[in-house]
There are 2 protein chains.
Amino acid sequence: MQIKVVSNVLKANEDMAEVNRKLLQAKGIKVLNIISSPGAGKTTILERTIDALKNEIPLAVIEGDLMTSKDAERIEQHGVPVVQINTRGGCHLDANMVNKAMAELPLDEIKLLIIENVGNLVCPSTFDLGEDVKIVVLSVPEGDDKPLKYPTTFKKADVCLLNKIDFLFYSNFNLDSFYKDIESLNDEMQVFAISAWKEEGMEEWYNYLRKLVG
Amino acid sequence: MQIKVVSNVLKANEDMAEVNRKLLQAKGIKVLNIISSPGAGKTTILERTIDALKNEIPLAVIEGDLMTSKDAERIEQHGVPVVQINTRGGCHLDANMVNKAMAELPLDEIKLLIIENVGNLVCPSTFDLGEDVKIVVLSVPEGDDKPLKYPTTFKKADVCLLNKIDFLFYSNFNLDSFYKDIESLNDEMQVFAISAWKEEGMEEWYNYLRKLVG
């Protein structure tokens, strides 16, 4: 019985994700779903990306968090439309939450919608939100063993942002192991090694987004 | 209907957690349930703690991970009994998994059972495993804003290990904010500021465990 309910929940989510996807495609909006552990740097990556691209790509942000509007307040300061979703303890965003948040955004004026999921490397990977690109952020201090330990997210993601590479010198993170494991899990994954805080390696990531939006 | 099923799952878990708790109490074993984001340093903390205490406190470890036995292999090298639970994608341990793992351990020979949960700062906090002490690990690179953003775990935990304090100088982590937020969420929480990797601040933590086991 439990499995049946879970499968119904996932089916309902997929149906709503398709609704989102069709609506966004019809408006010519590309959508990113950004997933990571708490503290991997999703919001800082967004802040840098917005500052770099907002004048050439009109964009908006949906922020997911259990509680607080801290992240939305950070994004708002960068002058783009943002909606905060509080899951009230829920461990991931779902397509229905995103659908409601979309209604609060000026969809006729944007070309890129960035969704920052709840900080969780496990549960968000199972819930399609209607995105074009699923992005996993891994930060160097978390360790190079994480792709094999959390394979679902790394298998499903299209892009990996390896963030906080400025910490490489202070840590025992093994880049060779990391790249080898990524390739074994998902040989089509595009990886960008960056430090959002120190603004290192960001230009290739921006170019990826420029090309995506087209 | 969905809520009812979830509530049944939680009730079944609580019942099994009580079974575990009574069995472990009868044997005079204290139990830790360690929760954190992926990569906060749980396994490294365990490795240091085992090396420091295994000759005075007989102990065993249960390792929880989605996939791989990487963590159990690390623990095994330190010469204590360890059982790996693979949740096959599941986002937390539950009391039933722990009950089965306990059956593989020499419970008549130990005084301390350390359970390392799946790396996830959200879902594990809802599932009692039968532990005496719930411990949350937060690492400095994750940022000082995490207690307010993930309040459930920080409200329920008895102890916080603030790990990777050797990164304080390279990060914008604000210790004052962190302590203020912890106090606002949970003023009975004991906090130990440590670096397991650099073996800083560990002695107070070891003394806490010595006193716990008694």
# chains A, B, ... in the order shown; residues from 1 in each chain; ligands from 1
$ interface_residues --of "chain A" --to "chain B" --cutoff "8 Å" --atoms "only C-alpha atoms" --output "CSV table (one decimal) with all heavy atoms, in the first residue's frame"
chain,number,residue,atom,x,y,z
A,2,GLN,N,1.9,1.2,0.8
A,2,GLN,CA,2.8,2.4,0.9
A,2,GLN,C,3.4,2.7,-0.5
A,2,GLN,O,3.4,3.8,-0.9
A,2,GLN,CB,3.9,2.1,1.9
A,2,GLN,CG,4.6,3.4,2.3
A,2,GLN,CD,5.9,3.1,3.0
A,2,GLN,OE1,6.2,2.0,3.5
A,2,GLN,NE2,6.8,4.1,3.0
A,5,VAL,N,1.0,4.4,-2.9
A,5,VAL,CA,0.8,5.8,-2.6
A,5,VAL,C,1.9,6.6,-3.1
A,5,VAL,O,1.8,7.6,-3.8
A,5,VAL,CB,0.5,6.1,-1.1
A,5,VAL,CG1,0.5,7.6,-0.8
A,5,VAL,CG2,-0.8,5.4,-0.7
A,37,SER,N,23.6,19.6,-1.6
A,37,SER,CA,23.6,19.6,-0.2
A,37,SER,C,23.4,21.0,0.3
A,37,SER,O,23.7,21.9,-0.4
A,37,SER,CB,25.0,19.1,0.4
A,37,SER,OG,25.3,17.9,-0.2
A,38,PRO,N,23.0,21.1,1.6
A,38,PRO,CA,23.0,22.4,2.2
A,38,PRO,C,24.4,23.0,2.2
A,38,PRO,O,25.4,22.3,2.5
A,38,PRO,CB,22.5,22.2,3.7
A,38,PRO,CG,21.8,20.9,3.6
A,38,PRO,CD,22.4,20.1,2.5
A,39,GLY,N,24.5,24.3,1.8
A,39,GLY,CA,25.8,24.9,2.0
A,39,GLY,C,26.8,24.7,0.9
A,39,GLY,O,28.0,25.0,1.0
A,40,ALA,N,26.4,24.1,-0.2
A,40,ALA,CA,27.3,23.8,-1.4
A,40,ALA,C,27.5,25.1,-2.2
A,40,ALA,O,28.5,25.2,-2.9
A,40,ALA,CB,26.8,22.7,-2.3
A,41,GLY,N,26.7,26.1,-2.0
A,41,GLY,CA,26.9,27.4,-2.6
A,41,GLY,C,25.9,27.8,-3.7
A,41,GLY,O,26.2,28.7,-4.5
A,65,ASP,N,13.1,26.5,0.2
A,65,ASP,CA,13.7,26.3,1.5
A,65,ASP,C,12.7,25.7,2.5
A,65,ASP,O,11.5,26.0,2.3
A,65,ASP,CB,14.2,27.6,2.1
A,65,ASP,CG,15.7,27.9,1.7
A,65,ASP,OD1,16.5,27.0,2.0
A,65,ASP,OD2,16.0,29.0,1.2
A,66,LEU,N,13.1,25.0,3.5
A,66,LEU,CA,12.2,24.5,4.5
A,66,LEU,C,11.5,25.7,5.2
A,66,LEU,O,10.3,25.7,5.4
A,66,LEU,CB,13.0,23.7,5.6
A,66,LEU,CG,13.2,22.3,5.3
A,66,LEU,CD1,14.2,22.1,4.1
A,66,LEU,CD2,13.8,21.6,6.5
A,67,MET,N,12.3,26.7,5.6
A,67,MET,CA,11.8,27.8,6.4
A,67,MET,C,12.7,29.0,5.9
A,67,MET,O,13.7,28.9,5.3
A,67,MET,CB,12.1,27.6,7.9
A,67,MET,CG,11.5,26.4,8.5
A,67,MET,SD,9.7,26.7,8.9
A,67,MET,CE,9.3,25.0,9.4
A,68,THR,N,12.3,30.2,6.3
A,68,THR,CA,13.0,31.5,6.1
A,68,THR,C,12.9,31.9,4.7
A,68,THR,O,12.7,31.1,3.7
A,68,THR,CB,14.4,31.5,6.5
A,68,THR,OG1,15.3,31.0,5.5
A,68,THR,CG2,14.7,30.8,7.9
A,89,GLY,N,9.3,22.2,6.2
A,89,GLY,CA,9.8,20.9,6.6
A,89,GLY,C,10.0,19.9,5.5
A,89,GLY,O,10.7,18.9,5.6
A,90,GLY,N,9.3,20.1,4.4
A,90,GLY,CA,9.4,19.2,3.3
A,90,GLY,C,10.8,19.2,2.7
A,90,GLY,O,11.4,20.2,2.6
A,91,CYS,N,11.2,18.0,2.2
A,91,CYS,CA,12.6,17.8,1.9
A,91,CYS,C,12.9,18.1,0.4
A,91,CYS,O,14.1,17.9,0.0
A,91,CYS,CB,13.0,16.4,2.3
A,91,CYS,SG,12.0,15.1,1.5
A,120,ASN,N,19.5,19.4,-0.3
A,120,ASN,CA,19.3,18.0,0.0
A,120,ASN,C,19.8,17.3,-1.3
A,120,ASN,O,19.3,17.5,-2.4
A,120,ASN,CB,17.8,17.7,0.2
A,120,ASN,CG,17.5,16.3,0.6
A,120,ASN,OD1,18.2,15.4,0.2
A,120,ASN,ND2,16.4,16.1,1.2
A,121,LEU,N,20.8,16.4,-1.1
A,121,LEU,CA,21.4,15.7,-2.2
A,121,LEU,C,20.6,14.4,-2.6
A,121,LEU,O,21.0,13.7,-3.5
A,121,LEU,CB,22.8,15.4,-1.9
A,121,LEU,CG,23.8,15.2,-3.1
A,121,LEU,CD1,23.7,16.3,-4.1
A,121,LEU,CD2,25.2,15.1,-2.5
A,122,VAL,N,19.5,14.1,-1.8
A,122,VAL,CA,18.8,12.8,-2.1
A,122,VAL,C,17.5,13.0,-2.7
A,122,VAL,O,17.3,12.7,-3.9
A,122,VAL,CB,18.7,12.1,-0.7
A,122,VAL,CG1,18.1,10.7,-1.0
A,122,VAL,CG2,20.0,11.9,0.0
A,123,CYS,N,16.5,13.6,-2.0
A,123,CYS,CA,15.1,13.6,-2.4
A,123,CYS,C,14.8,14.4,-3.6
A,123,CYS,O,14.0,14.0,-4.4
A,123,CYS,CB,14.3,14.0,-1.2
A,123,CYS,SG,14.7,13.2,0.4
A,141,PRO,N,34.7,21.1,-0.2
A,141,PRO,CA,34.8,20.6,1.2
A,141,PRO,C,33.9,19.4,1.5
A,141,PRO,O,34.2,18.7,2.5
A,141,PRO,CB,34.4,21.8,2.0
A,141,PRO,CG,34.6,23.0,1.2
A,141,PRO,CD,34.3,22.5,-0.2
A,142,GLU,N,33.0,19.1,0.7
A,142,GLU,CA,32.1,17.9,0.9
A,142,GLU,C,32.9,16.6,0.7
A,142,GLU,O,32.5,15.6,1.2
A,142,GLU,CB,30.9,18.0,0.0
A,142,GLU,CG,29.9,19.0,0.4
A,142,GLU,CD,28.8,19.1,-0.7
A,142,GLU,OE1,28.0,18.2,-0.8
A,142,GLU,OE2,28.8,20.2,-1.4
A,143,GLY,N,33.9,16.7,-0.2
A,143,GLY,CA,34.7,15.5,-0.4
A,143,GLY,C,34.4,14.8,-1.8
A,143,GLY,O,33.3,14.9,-2.3
A,146,LYS,N,31.5,11.9,-2.9
A,146,LYS,CA,30.0,12.1,-2.9
A,146,LYS,C,29.3,11.5,-4.1
A,146,LYS,O,28.2,11.0,-4.0
A,146,LYS,CB,29.7,13.5,-2.6
A,146,LYS,CG,30.1,14.0,-1.2
A,146,LYS,CD,29.5,13.1,-0.1
A,146,LYS,CE,30.2,13.4,1.3
A,146,LYS,NZ,31.6,13.0,1.4
A,148,LEU,N,29.6,8.8,-5.9
A,148,LEU,CA,29.3,7.4,-5.8
A,148,LEU,C,28.4,7.1,-4.6
A,148,LEU,O,27.6,6.2,-4.6
A,148,LEU,CB,30.6,6.6,-5.6
A,148,LEU,CG,31.5,6.4,-6.8
A,148,LEU,CD1,32.6,5.4,-6.6
A,148,LEU,CD2,30.7,6.0,-8.1
A,149,LYS,N,28.5,8.0,-3.6
A,149,LYS,CA,27.6,7.8,-2.4
A,149,LYS,C,26.2,8.3,-2.6
A,149,LYS,O,25.3,7.9,-1.9
A,149,LYS,CB,28.2,8.4,-1.1
A,149,LYS,CG,29.5,7.6,-0.7
A,149,LYS,CD,30.2,8.3,0.5
A,149,LYS,CE,29.3,8.3,1.7
A,149,LYS,NZ,30.0,8.9,2.9
A,150,TYR,N,26.0,9.3,-3.5
A,150,TYR,CA,24.7,9.8,-3.8
A,150,TYR,C,24.4,9.7,-5.3
A,150,TYR,O,24.3,10.7,-6.0
A,150,TYR,CB,24.6,11.3,-3.3
A,150,TYR,CG,24.9,11.4,-1.8
A,150,TYR,CD1,26.2,11.4,-1.3
A,150,TYR,CD2,23.8,11.3,-0.9
A,150,TYR,CE1,26.4,11.4,0.1
A,150,TYR,CE2,24.0,11.3,0.5
A,150,TYR,CZ,25.3,11.4,1.0
A,150,TYR,OH,25.5,11.4,2.3
A,151,PRO,N,24.4,8.5,-5.8
A,151,PRO,CA,24.5,8.3,-7.3
A,151,PRO,C,23.2,8.8,-8.0
A,151,PRO,O,23.3,9.2,-9.2
A,151,PRO,CB,24.7,6.8,-7.4
A,151,PRO,CG,24.2,6.2,-6.2
A,151,PRO,CD,24.4,7.2,-5.1
A,152,THR,N,22.1,8.8,-7.3
A,152,THR,CA,20.8,9.1,-8.1
A,152,THR,C,20.9,10.5,-8.7
A,152,THR,O,20.6,10.7,-9.8
A,152,THR,CB,19.6,9.0,-7.1
A,152,THR,OG1,19.8,7.9,-6.3
A,152,THR,CG2,18.3,8.8,-7.9
$ residues_around --residues "Ile62 (chain B)" --least-positions-apart "2" --cutoff "6 Å" --atoms "only C-alpha atoms" --output "NGL selection string"
:B and (82-84 or 115)
$ write_last_selection --atoms "N, CA and C atoms" --output "PDB file, in the first residue's frame"
ATOM      1  N   VAL B  82      31.521  -3.150  12.692  1.00  0.00           N
ATOM      2  CA  VAL B  82      30.735  -2.180  11.922  1.00  0.00           C
ATOM      3  C   VAL B  82      29.802  -2.923  10.971  1.00  0.00           C
ATOM      4  N   VAL B  83      28.599  -2.397  10.828  1.00  0.00           N
ATOM      5  CA  VAL B  83      27.635  -2.921   9.856  1.00  0.00           C
ATOM      6  C   VAL B  83      27.232  -1.780   8.929  1.00  0.00           C
ATOM      7  N   GLN B  84      27.249  -2.039   7.626  1.00  0.00           N
ATOM      8  CA  GLN B  84      26.806  -1.042   6.651  1.00  0.00           C
ATOM      9  C   GLN B  84      25.353  -1.291   6.292  1.00  0.00           C
ATOM     10  N   ILE B 115      25.591   5.386  15.483  1.00  0.00           N
ATOM     11  CA  ILE B 115      24.892   5.229  14.198  1.00  0.00           C
ATOM     12  C   ILE B 115      25.145   6.471  13.354  1.00  0.00           C
TER      13      ILE B 115
END
$ residues_around --residues "Ala26 (chain B)" --least-positions-apart "4" --cutoff "12 Å" --atoms "only C-alpha atoms" --output "VMD selection string"
chain B and resid 19 to 22 30 107 to 108 111
$ closest_atom_pairs --of "region 166-210 of chain B" --to "region 43-55 of chain B" --cutoff "10 Å" --atoms "only C-alpha atoms" --output "Markdown table"
| residue | atom | partner | partner_atom | distance |
| --- | --- | --- | --- | --- |
| B:Ile194 | CA | B:Ile45 | CA | 9.2 |
| B:Ser195 | CA | B:Ile45 | CA | 8.4 |
| B:Ala196 | CA | B:Ile45 | CA | 5.2 |
| B:Trp197 | CA | B:Thr44 | CA | 6.7 |
| B:Lys198 | CA | B:Arg48 | CA | 10.0 |
| B:Glu199 | CA | B:Arg48 | CA | 7.7 |
| B:Met202 | CA | B:Thr49 | CA | 8.2 |
| B:Glu203 | CA | B:Ala52 | CA | 9.1 |
| B:Trp205 | CA | B:Thr49 | CA | 8.7 |
| B:Tyr206 | CA | B:Thr49 | CA | 7.0 |
| B:Asn207 | CA | B:Leu53 | CA | 9.8 |
| B:Leu209 | CA | B:Leu53 | CA | 8.9 |
| B:Arg210 | CA | B:Leu53 | CA | 8.4 |
$ select_by_dssp --residues "region 51-213 of chain B" --states "strand (DSSP E or B)" --output "PyMOL selection string"
chain B and resi 59-65+82-86+112-116+133-139+159-163+190-193+195+200
$ select_by_dssp --residues "region 27-181 of chain A" --states "alpha helix (DSSP H)" --output "ChimeraX atom specification"
/A:42-53,70-76,95-102,146-149,151-156,175-181
$ residues_around --residues "region 182-193 of chain A" --least-positions-apart "5" --cutoff "9 Å" --atoms "only C-alpha atoms" --output "PyMOL selection string"
chain A and resi 147-148+151+154-165+177+200-202+204-205
$ residues_around --residues "Ile35 (chain A)" --least-positions-apart "6" --cutoff "7 Å" --atoms "only C-alpha atoms" --output "VMD selection string"
chain A and resid 116 to 117 119 121 124 135 to 137
$ atom_distance --atom1 "CA of Leu59 (chain B)" --atom2 "CA of Met97 (chain B)"
19.0 Å
